[in-house]
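Q: Enclosed is the structure file model-v2.tsv (TSV, C-alpha atoms and all ligand atoms).
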```tsv
chain	number	residue	atom	x	y	z
A	1	MET	CA	14.38	-12.42	24.26
A	2	PRO	CA	12.81	-15.93	24.37
A	3	ALA	CA	15.15	-18.82	23.53
A	4	THR	CA	13.00	-19.85	20.58
A	5	GLN	CA	10.92	-18.12	17.90
A	6	LYS	CA	8.64	-19.25	15.06
A	7	GLY	CA	10.24	-20.15	11.77
A	8	LEU	CA	9.29	-21.81	8.49
A	9	ILE	CA	11.54	-24.85	8.72
A	10	LEU	CA	12.76	-27.02	5.84
A	11	PRO	CA	13.58	-30.18	7.83
A	12	GLN	CA	15.67	-31.95	5.19
A	13	LYS	CA	16.63	-31.95	1.51
A	14	HIS	CA	13.44	-32.24	-0.60
A	15	GLY	CA	11.41	-32.03	2.66
A	16	GLU	CA	8.11	-30.20	3.17
A	17	PHE	CA	8.11	-26.78	4.86
A	18	VAL	CA	6.64	-26.72	8.38
A	19	VAL	CA	6.04	-23.84	10.80
A	20	GLY	CA	7.73	-24.64	14.12
A	21	ASN	CA	10.04	-23.43	16.86
A	22	THR	CA	13.59	-22.54	15.90
A	23	PRO	CA	16.40	-21.03	18.01
A	24	ASN	CA	16.56	-17.28	18.57
A	25	TYR	CA	19.83	-15.42	18.08
A	26	THR	CA	22.25	-13.14	19.86
A	27	PRO	CA	23.93	-10.56	17.62
A	28	GLY	CA	27.71	-10.95	17.45
A	29	PRO	CA	30.19	-8.07	17.09
A	30	GLY	CA	29.17	-5.80	14.22
A	31	GLU	CA	25.78	-7.50	13.85
A	32	LEU	CA	22.15	-6.45	14.27
A	33	LEU	CA	19.30	-8.55	15.64
A	34	ILE	CA	16.27	-7.67	13.48
A	35	LYS	CA	12.60	-8.31	14.30
A	36	ILE	CA	11.29	-9.25	10.86
A	37	ARG	CA	8.13	-7.41	9.80
A	38	SER	CA	8.14	-8.46	6.13
A	39	ALA	CA	9.93	-11.22	4.22
A	40	ALA	CA	9.55	-11.50	0.46
A	41	LEU	CA	9.63	-14.69	-1.63
A	42	ASN	CA	12.03	-15.49	-4.45
A	43	PRO	CA	12.07	-18.18	-7.15
A	44	LEU	CA	15.25	-19.56	-5.54
A	45	ASP	CA	13.26	-20.54	-2.41
A	46	TRP	CA	11.09	-23.07	-4.26
A	47	LYS	CA	14.03	-24.26	-6.36
A	48	ILE	CA	16.04	-25.09	-3.20
A	49	GLN	CA	13.12	-27.08	-1.78
A	50	LYS	CA	12.17	-28.85	-5.02
A	51	TYR	CA	15.61	-29.65	-6.47
A	52	GLY	CA	17.59	-30.01	-3.22
A	53	ILE	CA	20.22	-27.50	-4.41
A	54	TYR	CA	22.57	-25.04	-2.63
A	55	VAL	CA	21.58	-25.80	1.01
A	56	GLU	CA	23.43	-28.60	2.82
A	57	GLU	CA	22.71	-27.90	6.52
A	58	PHE	CA	19.31	-28.96	7.85
A	59	PRO	CA	16.93	-28.06	9.40
A	60	ALA	CA	17.16	-24.88	7.30
A	61	ILE	CA	15.46	-21.49	7.21
A	62	LEU	CA	15.28	-19.92	3.73
A	63	GLY	CA	14.25	-16.45	2.53
A	64	GLN	CA	16.68	-13.68	1.63
A	65	ASP	CA	14.46	-10.58	1.39
A	66	ILE	CA	14.15	-9.06	4.85
A	67	ALA	CA	12.67	-5.85	6.31
A	68	GLY	CA	12.09	-5.11	9.98
A	69	GLU	CA	13.16	-3.22	13.08
A	70	VAL	CA	16.46	-3.36	14.92
A	71	GLU	CA	15.84	-5.22	18.18
A	72	GLU	CA	19.40	-5.28	19.52
A	73	VAL	CA	22.81	-4.09	18.32
A	74	GLY	CA	25.99	-6.14	18.64
A	75	GLU	CA	29.29	-4.96	20.08
A	76	GLY	CA	30.89	-2.11	18.16
A	77	VAL	CA	27.79	-1.07	16.18
A	78	THR	CA	27.41	2.70	16.42
A	79	ASP	CA	25.39	3.63	13.33
A	80	PHE	CA	22.16	1.74	14.21
A	81	LYS	CA	19.98	1.74	17.32
A	82	LYS	CA	17.03	-0.26	18.63
A	83	GLY	CA	13.87	0.63	16.71
A	84	ASP	CA	15.57	1.68	13.43
A	85	ARG	CA	13.61	0.47	10.37
A	86	VAL	CA	16.00	-1.53	8.17
A	87	PHE	CA	16.20	-3.94	5.25
A	88	ARG	CA	18.87	-6.40	4.19
A	89	GLN	CA	19.63	-9.52	2.16
A	90	GLY	CA	19.98	-12.88	3.91
A	91	LEU	CA	23.41	-14.45	3.54
A	92	PHE	CA	22.29	-17.98	2.71
A	93	SER	CA	22.44	-19.28	6.28
A	94	SER	CA	19.59	-20.02	8.67
A	95	ARG	CA	20.60	-17.36	11.21
A	96	THR	CA	20.75	-14.60	8.57
A	97	ASN	CA	17.69	-15.58	6.50
A	98	GLY	CA	14.13	-14.25	6.52
A	99	PHE	CA	11.46	-16.94	6.90
A	100	GLN	CA	11.42	-16.54	10.69
A	101	GLN	CA	10.48	-13.86	13.22
A	102	TYR	CA	14.03	-12.68	14.10
A	103	THR	CA	17.30	-12.75	12.19
A	104	VAL	CA	20.83	-11.42	12.50
A	105	GLY	CA	23.22	-9.90	9.97
A	106	PRO	CA	26.15	-7.51	9.64
A	107	ALA	CA	25.34	-3.83	10.12
A	108	SER	CA	27.82	-3.06	7.31
A	109	SER	CA	25.43	-4.39	4.65
A	110	THR	CA	22.14	-3.25	6.20
A	111	ALA	CA	20.18	-0.26	4.89
A	112	LYS	CA	17.82	2.07	6.73
A	113	ILE	CA	14.29	2.32	5.33
A	114	PRO	CA	13.22	5.91	4.65
A	115	ALA	CA	9.83	7.15	5.93
A	116	ASN	CA	8.19	7.01	2.46
A	117	ILE	CA	8.73	3.23	2.13
A	118	SER	CA	6.78	0.52	4.04
A	119	PHE	CA	8.29	-2.68	5.44
A	120	ASP	CA	6.44	-4.69	2.74
A	121	GLU	CA	7.84	-2.47	0.00
A	122	ALA	CA	11.39	-2.57	1.38
A	123	ALA	CA	11.26	-6.37	1.50
A	124	THR	CA	10.70	-6.50	-2.28
A	125	LEU	CA	14.16	-5.11	-2.93
A	126	PRO	CA	17.28	-6.87	-1.59
A	127	VAL	CA	17.68	-9.91	-3.85
A	128	ALA	CA	16.43	-8.14	-6.99
A	129	LEU	CA	18.55	-5.08	-6.22
A	130	SER	CA	21.70	-7.08	-5.49
A	131	ALA	CA	21.29	-9.15	-8.68
A	132	ALA	CA	20.68	-6.08	-10.84
A	133	TYR	CA	23.56	-4.18	-9.22
A	134	VAL	CA	26.09	-7.02	-9.43
A	135	GLY	CA	25.08	-7.85	-13.02
A	136	LEU	CA	25.75	-4.29	-14.16
A	137	TYR	CA	28.50	-3.02	-11.87
A	138	GLY	CA	30.09	-6.14	-10.35
A	139	GLY	CA	33.22	-7.69	-11.71
A	140	PRO	CA	35.23	-9.40	-12.87
A	141	THR	CA	33.25	-12.63	-12.45
A	142	PHE	CA	29.57	-11.96	-11.91
A	143	GLY	CA	28.92	-8.75	-13.79
A	144	GLN	CA	29.92	-6.34	-16.53
A	145	GLY	CA	32.10	-4.09	-14.34
A	146	LEU	CA	30.39	-0.86	-15.37
A	147	THR	CA	30.93	2.28	-13.26
A	148	PRO	CA	28.30	2.36	-10.48
A	149	PRO	CA	26.08	5.47	-10.25
A	150	VAL	CA	27.34	6.42	-6.78
A	151	THR	CA	29.15	9.62	-7.74
A	152	GLN	CA	27.99	12.59	-9.75
A	153	GLU	CA	30.13	11.46	-12.71
A	154	GLY	CA	28.87	7.88	-12.32
A	155	GLN	CA	25.27	9.05	-12.62
A	156	GLY	CA	24.79	9.65	-16.31
A	157	GLN	CA	28.12	7.99	-17.20
A	158	TYR	CA	26.56	5.96	-20.04
A	159	ALA	CA	24.54	8.78	-21.59
A	160	GLY	CA	23.62	8.01	-25.18
A	161	GLN	CA	24.43	4.30	-24.94
A	162	PRO	CA	21.59	1.82	-25.46
A	163	ILE	CA	20.79	-1.05	-23.10
A	164	ALA	CA	18.27	-3.90	-23.50
A	165	ILE	CA	16.62	-5.73	-20.61
A	166	LEU	CA	14.89	-9.03	-21.38
A	167	GLY	CA	12.13	-9.39	-18.77
A	168	GLY	CA	11.63	-5.76	-17.78
A	169	GLY	CA	8.69	-6.82	-15.59
A	170	THR	CA	10.53	-9.32	-13.40
A	171	SER	CA	11.58	-8.14	-9.96
A	172	VAL	CA	15.19	-8.02	-11.16
A	173	GLY	CA	14.22	-6.37	-14.45
A	174	GLN	CA	12.37	-3.50	-12.78
A	175	VAL	CA	15.51	-2.64	-10.81
A	176	VAL	CA	17.79	-2.97	-13.85
A	177	ILE	CA	15.60	-0.44	-15.68
A	178	GLN	CA	15.91	2.03	-12.81
A	179	LEU	CA	19.68	1.56	-12.44
A	180	ALA	CA	20.08	1.95	-16.21
A	181	LYS	CA	18.26	5.28	-15.96
A	182	LEU	CA	20.52	6.39	-13.07
A	183	SER	CA	23.56	5.44	-15.16
A	184	GLY	CA	22.26	7.52	-18.07
A	185	PHE	CA	21.70	4.71	-20.60
A	186	SER	CA	19.50	5.74	-23.51
A	187	PRO	CA	17.42	4.30	-25.03
A	188	ILE	CA	16.39	1.82	-22.31
A	189	ILE	CA	14.74	-1.07	-24.13
A	190	ALA	CA	12.72	-3.71	-22.25
A	191	THR	CA	10.80	-6.82	-23.29
A	192	ALA	CA	7.68	-7.75	-21.32
A	193	SER	CA	3.99	-8.53	-21.65
A	194	LEU	CA	2.65	-5.35	-23.21
A	195	LYS	CA	0.20	-4.90	-20.32
A	196	HIS	CA	3.28	-3.68	-18.38
A	197	ASP	CA	4.14	-0.96	-20.94
A	198	ASP	CA	3.01	2.06	-18.86
A	199	ALA	CA	4.45	0.76	-15.59
A	200	LEU	CA	7.87	0.01	-17.10
A	201	LYS	CA	8.00	3.39	-18.84
A	202	ALA	CA	7.22	5.01	-15.49
A	203	LEU	CA	10.36	3.33	-14.13
A	204	GLY	CA	12.52	4.58	-17.00
A	205	ALA	CA	12.12	2.25	-19.96
A	206	THR	CA	11.90	4.22	-23.20
A	207	ALA	CA	10.71	1.35	-25.41
A	208	VAL	CA	8.84	-1.81	-24.40
A	209	PHE	CA	8.61	-4.69	-26.89
A	210	ASP	CA	6.54	-7.87	-26.71
A	211	ARG	CA	8.26	-10.68	-24.77
A	212	ASN	CA	7.32	-13.16	-27.52
A	213	LEU	CA	9.34	-11.55	-30.35
A	214	SER	CA	12.06	-13.71	-31.94
A	215	SER	CA	15.71	-12.58	-32.00
A	216	ALA	CA	15.32	-11.31	-35.57
A	217	GLU	CA	12.06	-9.46	-34.84
A	218	LEU	CA	13.47	-7.90	-31.71
A	219	SER	CA	16.69	-6.82	-33.46
A	220	THR	CA	14.59	-5.09	-36.13
A	221	GLU	CA	12.57	-3.20	-33.49
A	222	ILE	CA	15.72	-2.31	-31.53
A	223	ALA	CA	17.41	-0.92	-34.65
A	224	LYS	CA	14.47	1.49	-35.06
A	225	VAL	CA	15.08	3.08	-31.64
A	226	THR	CA	18.89	2.99	-31.37
A	227	SER	CA	19.66	5.18	-34.41
A	228	GLY	CA	22.45	2.86	-35.51
A	229	LYS	CA	24.25	2.83	-32.11
A	230	LEU	CA	25.73	-0.53	-31.07
A	231	LEU	CA	23.85	-2.43	-28.38
A	232	SER	CA	26.78	-3.43	-26.14
A	233	VAL	CA	24.96	-4.11	-22.86
A	234	VAL	CA	22.12	-6.63	-22.49
A	235	PHE	CA	20.63	-8.02	-19.25
A	236	ASP	CA	18.57	-11.21	-19.38
A	237	THR	CA	16.51	-11.27	-16.17
A	238	VAL	CA	14.41	-14.30	-17.19
A	239	GLY	CA	17.13	-16.91	-17.75
A	240	SER	CA	15.12	-19.34	-19.92
A	241	PRO	CA	17.03	-21.08	-22.73
A	242	ALA	CA	15.01	-18.94	-25.18
A	243	THR	CA	15.76	-15.57	-23.57
A	244	GLN	CA	19.40	-16.55	-23.02
A	245	GLN	CA	19.79	-17.19	-26.76
A	246	ILE	CA	17.93	-14.00	-27.69
A	247	ALA	CA	20.20	-11.98	-25.37
A	248	VAL	CA	23.31	-13.37	-27.07
A	249	ASP	CA	21.80	-12.85	-30.52
A	250	ILE	CA	20.87	-9.19	-30.02
A	251	VAL	CA	24.05	-7.98	-28.27
A	252	ALA	CA	26.61	-6.46	-30.64
A	253	PRO	CA	29.94	-8.20	-31.30
A	254	GLY	CA	32.31	-7.19	-28.48
A	255	GLY	CA	29.35	-6.62	-26.16
A	256	ALA	CA	28.28	-8.50	-23.04
A	257	VAL	CA	25.19	-10.12	-21.56
A	258	SER	CA	24.44	-10.41	-17.84
A	259	ASP	CA	22.27	-13.44	-17.19
A	260	VAL	CA	20.48	-14.38	-13.97
A	261	LEU	CA	20.99	-18.10	-14.60
A	262	PRO	CA	23.89	-20.14	-16.04
A	263	PRO	CA	23.71	-20.45	-19.83
A	264	ASP	CA	21.75	-23.52	-20.91
A	265	ALA	CA	23.79	-26.11	-22.86
A	266	SER	CA	21.72	-25.29	-25.98
A	267	VAL	CA	22.76	-21.61	-26.05
A	268	LYS	CA	25.28	-20.76	-28.78
A	269	ILE	CA	27.71	-18.06	-27.64
A	270	PRO	CA	30.13	-16.76	-30.33
A	271	ASP	CA	33.72	-15.99	-29.28
A	272	ASN	CA	33.22	-12.24	-29.71
A	273	LYS	CA	30.39	-12.01	-27.14
A	274	THR	CA	30.66	-12.43	-23.35
A	275	VAL	CA	28.06	-13.83	-20.98
A	276	TYR	CA	28.35	-13.13	-17.23
A	277	GLN	CA	26.39	-15.33	-14.88
A	278	VAL	CA	25.09	-13.09	-12.12
A	279	LEU	CA	25.48	-14.32	-8.55
A	280	SER	CA	24.13	-11.77	-6.12
A	281	LEU	CA	25.28	-13.28	-2.83
A	282	LEU	CA	26.95	-10.61	-0.70
A	283	THR	CA	29.50	-12.94	0.86
A	284	LEU	CA	31.11	-13.79	-2.51
A	285	PRO	CA	34.37	-11.78	-2.37
A	286	PRO	CA	33.91	-9.81	-5.63
A	287	ASN	CA	30.49	-8.61	-4.40
A	288	THR	CA	31.11	-7.75	-0.77
A	289	LYS	CA	32.51	-4.22	-0.93
A	290	LEU	CA	30.31	-3.27	-3.89
A	291	LEU	CA	27.10	-4.30	-2.10
A	292	GLU	CA	28.11	-3.01	1.34
A	293	THR	CA	28.68	0.43	-0.21
A	294	LEU	CA	25.31	0.25	-1.98
A	295	TYR	CA	23.28	-0.78	1.08
A	296	HIS	CA	25.08	1.16	3.72
A	297	ASP	CA	25.77	4.41	1.87
A	298	HIS	CA	23.40	4.96	-1.07
A	299	VAL	CA	20.17	3.01	-1.34
A	300	THR	CA	18.31	4.85	1.45
A	301	ALA	CA	18.76	8.21	-0.27
A	302	TRP	CA	17.77	6.74	-3.66
A	303	LEU	CA	14.51	5.44	-2.15
A	304	GLU	CA	13.86	8.71	-0.35
A	305	LYS	CA	14.34	10.72	-3.56
A	306	GLY	CA	12.26	8.31	-5.66
A	307	LEU	CA	15.27	7.36	-7.82
A	308	LEU	CA	14.59	3.73	-6.90
A	309	LYS	CA	11.04	2.46	-6.47
A	310	PRO	CA	10.08	-0.87	-4.90
A	311	ASN	CA	8.00	-3.52	-6.66
A	312	ARG	CA	4.26	-3.82	-6.11
A	313	THR	CA	3.40	-6.08	-3.18
A	314	GLU	CA	0.85	-8.79	-2.46
A	315	VAL	CA	0.71	-9.80	1.21
A	316	LEU	CA	0.20	-13.51	1.88
A	317	PRO	CA	-2.25	-14.59	4.62
A	318	ASN	CA	-1.30	-16.34	7.91
A	319	GLY	CA	2.25	-15.09	8.34
A	320	LEU	CA	4.95	-17.72	7.76
A	321	ALA	CA	2.29	-20.39	7.10
A	322	GLY	CA	1.29	-18.59	3.89
A	323	ILE	CA	4.73	-18.94	2.29
A	324	PRO	CA	4.47	-22.49	0.82
A	325	ASP	CA	1.36	-21.53	-1.20
A	326	GLY	CA	3.13	-18.39	-2.37
A	327	LEU	CA	6.12	-20.45	-3.51
A	328	LYS	CA	3.74	-22.66	-5.53
A	329	GLN	CA	2.41	-19.53	-7.25
A	330	LEU	CA	5.97	-18.54	-8.17
A	331	GLU	CA	6.76	-22.05	-9.44
A	332	ASN	CA	3.60	-22.07	-11.56
A	333	SER	CA	4.40	-18.64	-13.12
A	334	GLN	CA	1.25	-17.15	-11.59
A	335	VAL	CA	3.04	-14.02	-10.37
A	336	SER	CA	3.07	-11.04	-12.73
A	337	ARG	CA	5.06	-7.88	-11.88
A	338	VAL	CA	4.44	-8.19	-8.17
A	339	LYS	CA	6.37	-9.46	-5.15
A	340	LEU	CA	4.75	-11.86	-2.69
A	341	VAL	CA	5.41	-10.82	0.91
A	342	ALA	CA	4.86	-12.67	4.21
A	343	ARG	CA	4.60	-11.00	7.63
A	344	PRO	CA	6.28	-13.39	10.11
A	345	GLN	CA	4.84	-11.63	13.18
A	346	GLU	CA	1.31	-12.56	11.97
A	347	THR	CA	2.07	-16.29	12.33
A	348	ALA	CA	-0.55	-17.98	14.56
B	1	LIG	N1	21.60	-15.06	-10.05
B	1	LIG	C1	21.04	-14.40	-9.07
B	1	LIG	O1	21.72	-13.91	-8.16
B	1	LIG	C2	19.56	-14.20	-9.10
B	1	LIG	C3	18.97	-13.28	-8.23
B	1	LIG	C4	17.61	-13.07	-8.33
B	1	LIG	C5	16.86	-13.80	-9.23
B	1	LIG	N2	17.46	-14.74	-10.01
B	1	LIG	C6	16.69	-15.50	-10.99
B	1	LIG	O2	16.17	-14.54	-11.91
B	1	LIG	C7	14.92	-14.96	-12.41
B	1	LIG	C8	13.91	-13.84	-12.19
B	1	LIG	O3	13.70	-13.65	-10.80
B	1	LIG	P1	12.62	-12.57	-10.31
B	1	LIG	O4	12.48	-12.71	-8.85
B	1	LIG	O5	12.99	-11.25	-10.87
B	1	LIG	O6	11.34	-13.14	-11.05
B	1	LIG	P2	9.81	-12.76	-10.94
B	1	LIG	O7	9.64	-11.32	-10.64
B	1	LIG	O8	9.12	-13.72	-10.05
B	1	LIG	O9	9.37	-13.07	-12.45
B	1	LIG	C9	8.02	-13.05	-12.82
B	1	LIG	C10	7.93	-12.19	-14.06
B	1	LIG	O10	8.69	-12.83	-15.11
B	1	LIG	C11	8.12	-12.42	-16.32
B	1	LIG	N3	8.54	-13.29	-17.43
B	1	LIG	C12	8.51	-14.64	-17.47
B	1	LIG	N4	8.96	-15.08	-18.67
B	1	LIG	C13	9.27	-13.97	-19.41
B	1	LIG	C14	9.77	-13.76	-20.72
B	1	LIG	N5	10.05	-14.78	-21.54
B	1	LIG	N6	9.98	-12.49	-21.13
B	1	LIG	C15	9.70	-11.44	-20.32
B	1	LIG	N7	9.20	-11.57	-19.06
B	1	LIG	C16	9.00	-12.82	-18.62
B	1	LIG	C17	6.63	-12.54	-16.03
B	1	LIG	O11	6.00	-11.72	-16.94
B	1	LIG	P3	4.40	-11.64	-17.16
B	1	LIG	O12	3.98	-10.58	-16.19
B	1	LIG	O13	4.29	-11.29	-18.56
B	1	LIG	O14	3.86	-12.99	-16.79
B	1	LIG	C18	6.52	-12.07	-14.56
B	1	LIG	O15	6.13	-10.71	-14.47
B	1	LIG	C19	14.59	-16.27	-11.67
B	1	LIG	O16	15.00	-17.34	-12.47
B	1	LIG	C20	15.47	-16.19	-10.43
B	1	LIG	O17	15.77	-17.46	-9.89
B	1	LIG	C21	18.79	-14.94	-9.97
```
Kindly return the structure encoded in the file as structure tokens.
Ligand SMILES: NC(=O)c1ccc[n+]([C@@H]2O[C@H](COP(=O)([O-])OP(=O)(O)OC[C@H]3O[C@@H](n4cnc5c(N)ncnc54)[C@H](OP(=O)(O)O)[C@@H]3O)[C@@H](O)[C@H]2O)c1
A:
Amino acid sequence: MPATQKGLILPQKHGEFVVGNTPNYTPGPGELLIKIRSAALNPLDWKIQKYGIYVEEFPAILGQDIAGEVEEVGEGVTDFKKGDRVFRQGLFSSRTNGFQQYTVGPASSTAKIPANISFDEAATLPVALSAAYVGLYGGPTFGQGLTPPVTQEGQGQYAGQPIAILGGGTSVGQVVIQLAKLSGFSPIIATASLKHDDALKALGATAVFDRNLSSAELSTEIAKVTSGKLLSVVFDTVGSPATQQIAVDIVAPGGAVSDVLPPDASVKIPDNKTVYQVLSLLTLPPNTKLLETLYHDHVTAWLEKGLLKPNRTEVLPNGLAGIPDGLKQLENSQVSRVKLVARPQETA
């Protein structure tokens, strides 16, 4: 293995991304060295660069959505071998992140990619899947603490209970819809641009309402499909001040909202409603076991059986060099129900 590899480097806080040489890695005990075939982009990547948030060690490699092949296994790893196709979430450190040609990470939170899923498709999943999973099943801090659908009883556990997902077409929203279906929720209500109606229903949504409805208009439409049942679980996958307020408005008293971003100061939350701010990072103690079990033990079979489907993909040109333009598209809201994916091995 050469001592260096190509990476998309953020040299300093608020700096400009540059493709350059960055150190290669040796897997430690329990770790895998992964040759990255596909790395997907997330809104957080442009927010870190633009606002100078979260990352304090520079030069830094970003990117948390990773799919590739096992290149080398660390000491004690018995359940993976060189050549296995895998995907995983970066852990918010340069050596575990995805905007480079090789990365390392614990085998315990890595998933195998089944034959029916491509590297590009697998790379669309980790961050969206972790956020959706923690927001529904994590607890007590970052999610609603619902029973995960990892046992026969868990699948279908919430039969007959309604759920609403604001932003059904976001990457996170598409996974929440599918997890809600696995958990048995019914009806599964999503808001989105109506051009996404068919696609979201194919994932499991039973009613799709226009993303521009007000709280009052949406509540009226929801009442028509819930037959008087209380809406106790709402997931806001957009996180704008407007959707955050709508989520709080439409959830029933005693119910809870999972939100992908911290509540804006303008959002009015009554005492009888709870808002959980989702944080999907695997290394946060309340998430670790929950997500390790998901990635290591369940997600491969769900993908194989079609219970979980990846997002649509759009592959960026020029390997790692294509990422900054892709991040601009995300920042300018030019990405609609699709995940932008870079292929680091295609870097010139
Ligand atoms: N806390 C965490 O751990 C965590 C993890 C992942 C993501 N996030 C955050 O969650 C948010 C979503 O991330 P993502 O990757 O899922 O986003 P994304 O897929 O890039 O979102 C793009 C989609 O958002 C839709 N959208 C925008 N405004 C909407 C609205 N008012 N109502 C309904 N849909 C709307 C757009 O719909 P159209 O197609 O109609 O344009 C577009 O399809 C971001 O703010 C991200 O930073 C947080």
Q: Please list as a PyMOL selection string every residue within 10 Å of A:Glu75, counting only C-alpha atoms and excluding residues in the same chain fewer than 5 positions away.
A: chain A and resi 27-32
Q: If we draw a sphere of 6 Å around (17.1, -3.3, -20.5), which residues have at least one atom in it when counting all atoms listed in the file? Please report them as a CSV table (one decimal) with C-alpha atoms, in the coordinates of the input.
A:
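Written out: point_18.csv:
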```csv
chain,number,residue,atom,x,y,z
A,163,ILE,CA,20.8,-1.0,-23.1
A,164,ALA,CA,18.3,-3.9,-23.5
A,165,ILE,CA,16.6,-5.7,-20.6
A,177,ILE,CA,15.6,-0.4,-15.7
A,188,ILE,CA,16.4,1.8,-22.3
A,189,ILE,CA,14.7,-1.1,-24.1
A,190,ALA,CA,12.7,-3.7,-22.2
```
Q: In Å, with one decimal, what is the gap from atom CA of A:Tyr54 to atom C4 of ligand LIG 1 (chain B)?
A: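 Taking atom CA of A:Tyr54 as the start and atom C4 of ligand LIG 1 (chain B) as the end point, the length is 14.2 Å.
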Q: So, with all atoms listed in the file as the atoms that count, which of A:Lys309, A:Arg343, A:Lys181, A:Arg337 lies closest to A:Gly322?
A: A:Arg343
Q: Could you tell me, counting all atoms listed in the file, which protein and nucleic acid residues lie no more than 6 Å from ligand LIG 1 (chain B), written as a short mmCIF file (atom, residue, chain, number, x, y, z; two decimals) with C-alpha atoms, keeping the file's coordinate frame?
A:
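To be explicit, this is the file written out as pocket18.cif:
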```cif
data_model
loop_
_atom_site.label_atom_id
_atom_site.label_comp_id
_atom_site.auth_asym_id
_atom_site.auth_seq_id
_atom_site.Cartn_x
_atom_site.Cartn_y
_atom_site.Cartn_z
CA ASN A 42 12.03 -15.49 -4.45
CA PRO A 43 12.07 -18.18 -7.15
CA LEU A 44 15.25 -19.56 -5.54
CA VAL A 127 17.68 -9.91 -3.85
CA ALA A 128 16.43 -8.14 -6.99
CA ALA A 131 21.29 -9.15 -8.68
CA LEU A 166 14.89 -9.03 -21.38
CA GLY A 167 12.13 -9.39 -18.77
CA GLY A 169 8.69 -6.82 -15.59
CA THR A 170 10.53 -9.32 -13.40
CA SER A 171 11.58 -8.14 -9.96
CA VAL A 172 15.19 -8.02 -11.16
CA THR A 191 10.80 -6.82 -23.29
CA ALA A 192 7.68 -7.75 -21.32
CA SER A 193 3.99 -8.53 -21.65
CA ARG A 211 8.26 -10.68 -24.77
CA THR A 237 16.51 -11.27 -16.17
CA VAL A 238 14.41 -14.30 -17.19
CA GLY A 239 17.13 -16.91 -17.75
CA VAL A 260 20.48 -14.38 -13.97
CA LEU A 261 20.99 -18.10 -14.60
CA VAL A 278 25.09 -13.09 -12.12
CA LEU A 279 25.48 -14.32 -8.55
CA SER A 280 24.13 -11.77 -6.12
CA VAL A 335 3.04 -14.02 -10.37
CA SER A 336 3.07 -11.04 -12.73
CA ARG A 337 5.06 -7.88 -11.88
#
```
